[in-house]
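Novice: Sending over a structure as structure tokens; questions will come in a sec.
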Amino acid sequence: MELFSSFIVLQYVFLHLSLFHYSSFCQQTYLSNETYFDCNDNAASTKGYFCGMGHLNSCMSFVSYRSRAPYDTADSIGTLLGSDASEISSLNYISSTSEKIPADQLILVPVSCTCSGNIFQHFTPYKFPPGQNYSGVAHIDFQSLTTCQAVAGQNNYNPDQIPTETEFIVPVRCACPSEKQAASGVTSLLTYTIYNDTGVTSIGERFGVDRQSILYANMLSQNSPIYNFTPILVPLKKERCSMDPDLFFCKCSNGHLVDGKCSSNDKGFPAKLVVLLGVAIGIGLLCLFISGYVLYKWVNKRRINKRKEELFKQNGGFLLQEKLASNGSNEKAKLFTAEELQRATDNYNQSRFLGQGGFGSVYKGMLPDGTIVAVKKSKAIDRNQIELFINEIVILSQINHRNIVKLLGFCLENEAPLLIYEFISNGTLSDHIRKQDPESSLSWENKLRIASDVAGALAYMHSAASIPIFHRDIKSSNILLDDKYNAKVSDFGTSRSVPDEKTHLTTAVQGTLGYMDPEYFQSSQFTDKSDVYSFGVTLAEILTGQNPYSYAKHEGNNLVATFISLTKENQLSQILDPHVTTDAEEEDIQAVAELAMRCLRLNGKKRPKMKQVTMELEGLCKSQRCLHINDSQVSGDNELHMLPTFDSIEEPIDQSTDFSSEMESGSVQISFIQDAPRS
């Protein structure tokens with residue numbers, strides 16, 4: 001019993017070894033008619049010829065094709081089978097690639113065959129025609145050079161729902177010689193579709209191949225049948241080329257045949273040497289390019305850094321650093337780099353643009369810690385004024401008042417300095433005054449508190465700061481509001497500090513038409529009372545809901561002159577904002593109007609100081625229970641909390657104007673004449 005079992009095992013091993021040897025030598029299995037055309041047969045051999053150990057991974061192969069419309073030219077056949085049309089013409093002695101080929105003429109097509117997974121295949125693109133199916137594509141258009149199983153496996157579409165005019169990938173059946181076939185002289189394999197051939201012998205005679213080689217290549221026995229329209233492999237041997245050099249598989253692109261191999265007529269450099277030389281030159285050029293690029297980047301970076309250093313020095317950077325250090329302001333004001341601000345503003349993207357301010361363009365930015373800031377690209381500075389500019393920036397960086405914008409830092413590496421402020425998103429007082437919707441407009445209590453906040457900020461600047469500062473452009477569009485309607489005085493682009501005297505003499509009148517002090521306009525001498533006048537115009541604007549420019553444009557009169565005249569005649573109700581009329585008490589309106597009148601006096605010496613204005617507004621706020629800060633709002637202490645802010649985005653007017661004022665019946669009439677108004 002044990003002897004019989006051992007015999008069975010030995011017989012099984014011998015059978016497998018013999019099959020392995022046979023398949024290695026004989027190449028592939030020929031598929032019968034029933035298997036090849038049955039789309040439901042999922043045998044692995046229907047996908048293509050097997051490849052793997054003992055076979056070449058890729059090679060030049062050939063397939064046969066019968067000319068049939070619409071594939072009846074070298075161009076159309078080449079497009080269908082993914083082959084070069086000129087090579088098809090040359091191999092088959094066709095005069096041109098567009099020449100019509102007689103129907104059913106045998107055409108031999110060269111294809112590149114590659115081992116894909118464990119199957120030899122040549123891939124070609126194909127647009128699926130309407131009304132066609134996988135079987136029709138495989139056996140009609142491609143003439144059994146592929147199978148419906150191979151097409152379906154490559155494209156993964158439902159056979160019943162194939163989208164038309166979709167580009168498919170069709171795997172064409174091909175094969176490469178095995179190592180033993182190559183050793184026996186086989187140079188390539190032809191995938192030939194049987195077409196009315198009487199047998200293997202007639203196929204061999206057509207291509208000069210002996211019957212036995214074809215049988216071996218397809219694992220066929222002497223009596224195995226073959227079927228029409230099924231592919232069979234024909235091994236092509238180089239020994240035939242010496243006898244018949246005109247055979248299709250013996251042709252060379254140039255040169256002549258030597259022992260069945262293509263050889264060039266010209267003696268030149270060995271191919272390996274040419275390849276090595278090309279690789280070496282390529283690597284050398286690549287290294288040269290990389291070295292040049294690195295050198296260019298280094299030189300460019302050095303040039304940029306040198307330019308930044310020049311601009312930093314030119315804009316007074318070293319002087320600023322010295323002053324900030326001497327004043328202990330290192331923690332209060334930061335020097336930013338140009339790259340930091342470019343990242344913060346997305347390289348000054350237009351979507352970050354907030355508007356045009358009195359001192360430059362303003363962009364919204366975000367610092368790495370998440371802080372939202374307003375970045376102002378300042379206008380160019382007169383180089384003779386650098387020291388004055390630096391002194392003013394140092395002073396502004398030291399201001400610490402809850403109702404004054406906080407300057408966070410600077411960048412002096414650009415042509416003009418960049419100023420960084422904290423950001424506020426609730427708009428300006430001007431925006432809120434002009435809202436027509438009663439529900440969204442400011443209440444009287446808020447307006448009164450905002451006026452008190454602004455007055456306190458100006459009082460602080462005039463008298464409580466370390467060095468008095470005149471704003472010189474107080475107006476509703478330079479008063480920003482946070483989400484709780486706390487006022488923030490902004491736009492210090494025209495501000496000046498006055499260390500010794502209480503007046504400041506300028507060579508050019510600066511400010512905004514309608515808010516400008518008549519005395520300052522006539523004498524070019526700005527005082528703290530000039531800010532008082534501008535604040536008085538702002539109070540008139542709060543009461544009337546009109547700004548000087550728009551009122552003059554629509555009514556043809558000067559807002560300040562009209563306000564003073566109507567107030568003196570007790571006819572102020574004619575010009576009052578309806579929201580104020582309905583929301584405020586008559587005595588409060590009268591008190592604010594009288595305070596505005598005093599601020600608008602033509603003689604600056606008769607105007608009240610901002611500290612006195614603040615006290616009166618605080619008194620009104622207390623009566624309205626709208627004062628949200630303690631009575632020491634006007635204080636020299638720098639302990640008050642700073643809230644986020646951004647600078648004004650309305651450009652002030654720097655121009656000469658013709659101004660006239662006169663006293664008529666105790667009232668003041670003021671008119672401004674300009675060439676072109678600015679928004």
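Quick note on naming: the chains in the structure tokens go A, B, ... in the order shown, residues restart at 1 in each chain, and ligands are numbered from 1 in order of appearance.
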Determine, using only C-alpha atoms, which residues of range 49-133 of chain A have any atom at most 12 Å from an atom of range 201-214 of chain A, and tabulate each with its shortest atom pair and distance in Å to one decimal place, rows ordered by chain and then rising number, as JSON lines.

Specialist:
{"residue": "A:Ser64", "atom": "CA", "partner": "A:Phe207", "partner_atom": "CA", "distance": 11.7}
{"residue": "A:Leu106", "atom": "CA", "partner": "A:Arg206", "partner_atom": "CA", "distance": 11.2}
{"residue": "A:Leu108", "atom": "CA", "partner": "A:Phe207", "partner_atom": "CA", "distance": 11.2}

Novice: Rank A:Ala416, A:Ala591, A:Ala217, A:Val454 by their smallest atom-to-atom distance to Gln314 in chain A, using only C-alpha atoms, and report the top residue only.

Specialist: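 Of the candidates, the smallest distance to Gln314 in chain A is held by A:Ala416.
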
Novice: Using only C-alpha atoms, which residues of range 582-627 of chain A come within 8 Å of range 564-578 of chain A, and what is the closest atom pair for each, with the distance in Å to one decimal? Give it as CSV, sorted by chain and residue number.

Specialist:
residue,atom,partner,partner_atom,distance
A:Thr582,CA,A:Pro578,CA,6.3
A:Ala593,CA,A:Thr567,CA,7.3
A:Glu594,CA,A:Thr567,CA,8.0
A:Met597,CA,A:Ile564,CA,6.5

Novice: Could you write out the selected residues, including C-alpha atoms, as a CSV table (one decimal), in the first residue's frame?

Specialist:
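Here's the written file result07.csv:
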chain,number,residue,atom,x,y,z
A,582,THR,CA,-37.8,112.1,18.5
A,593,ALA,CA,-26.4,123.2,20.4
A,594,GLU,CA,-25.2,126.0,22.7
A,597,MET,CA,-22.1,127.4,19.2

Novice: What's around range 537-549 of chain A at 8 Å? Count only C-alpha atoms, leave out sequence neighbours fewer than 6 positions away in its own chain, and write the answer as an MDAnalysis selection string.

Specialist: chainID A and resid 433:434 447 451 474:476 513:515 558:560 563 575:577 580 589 592:593 596 600
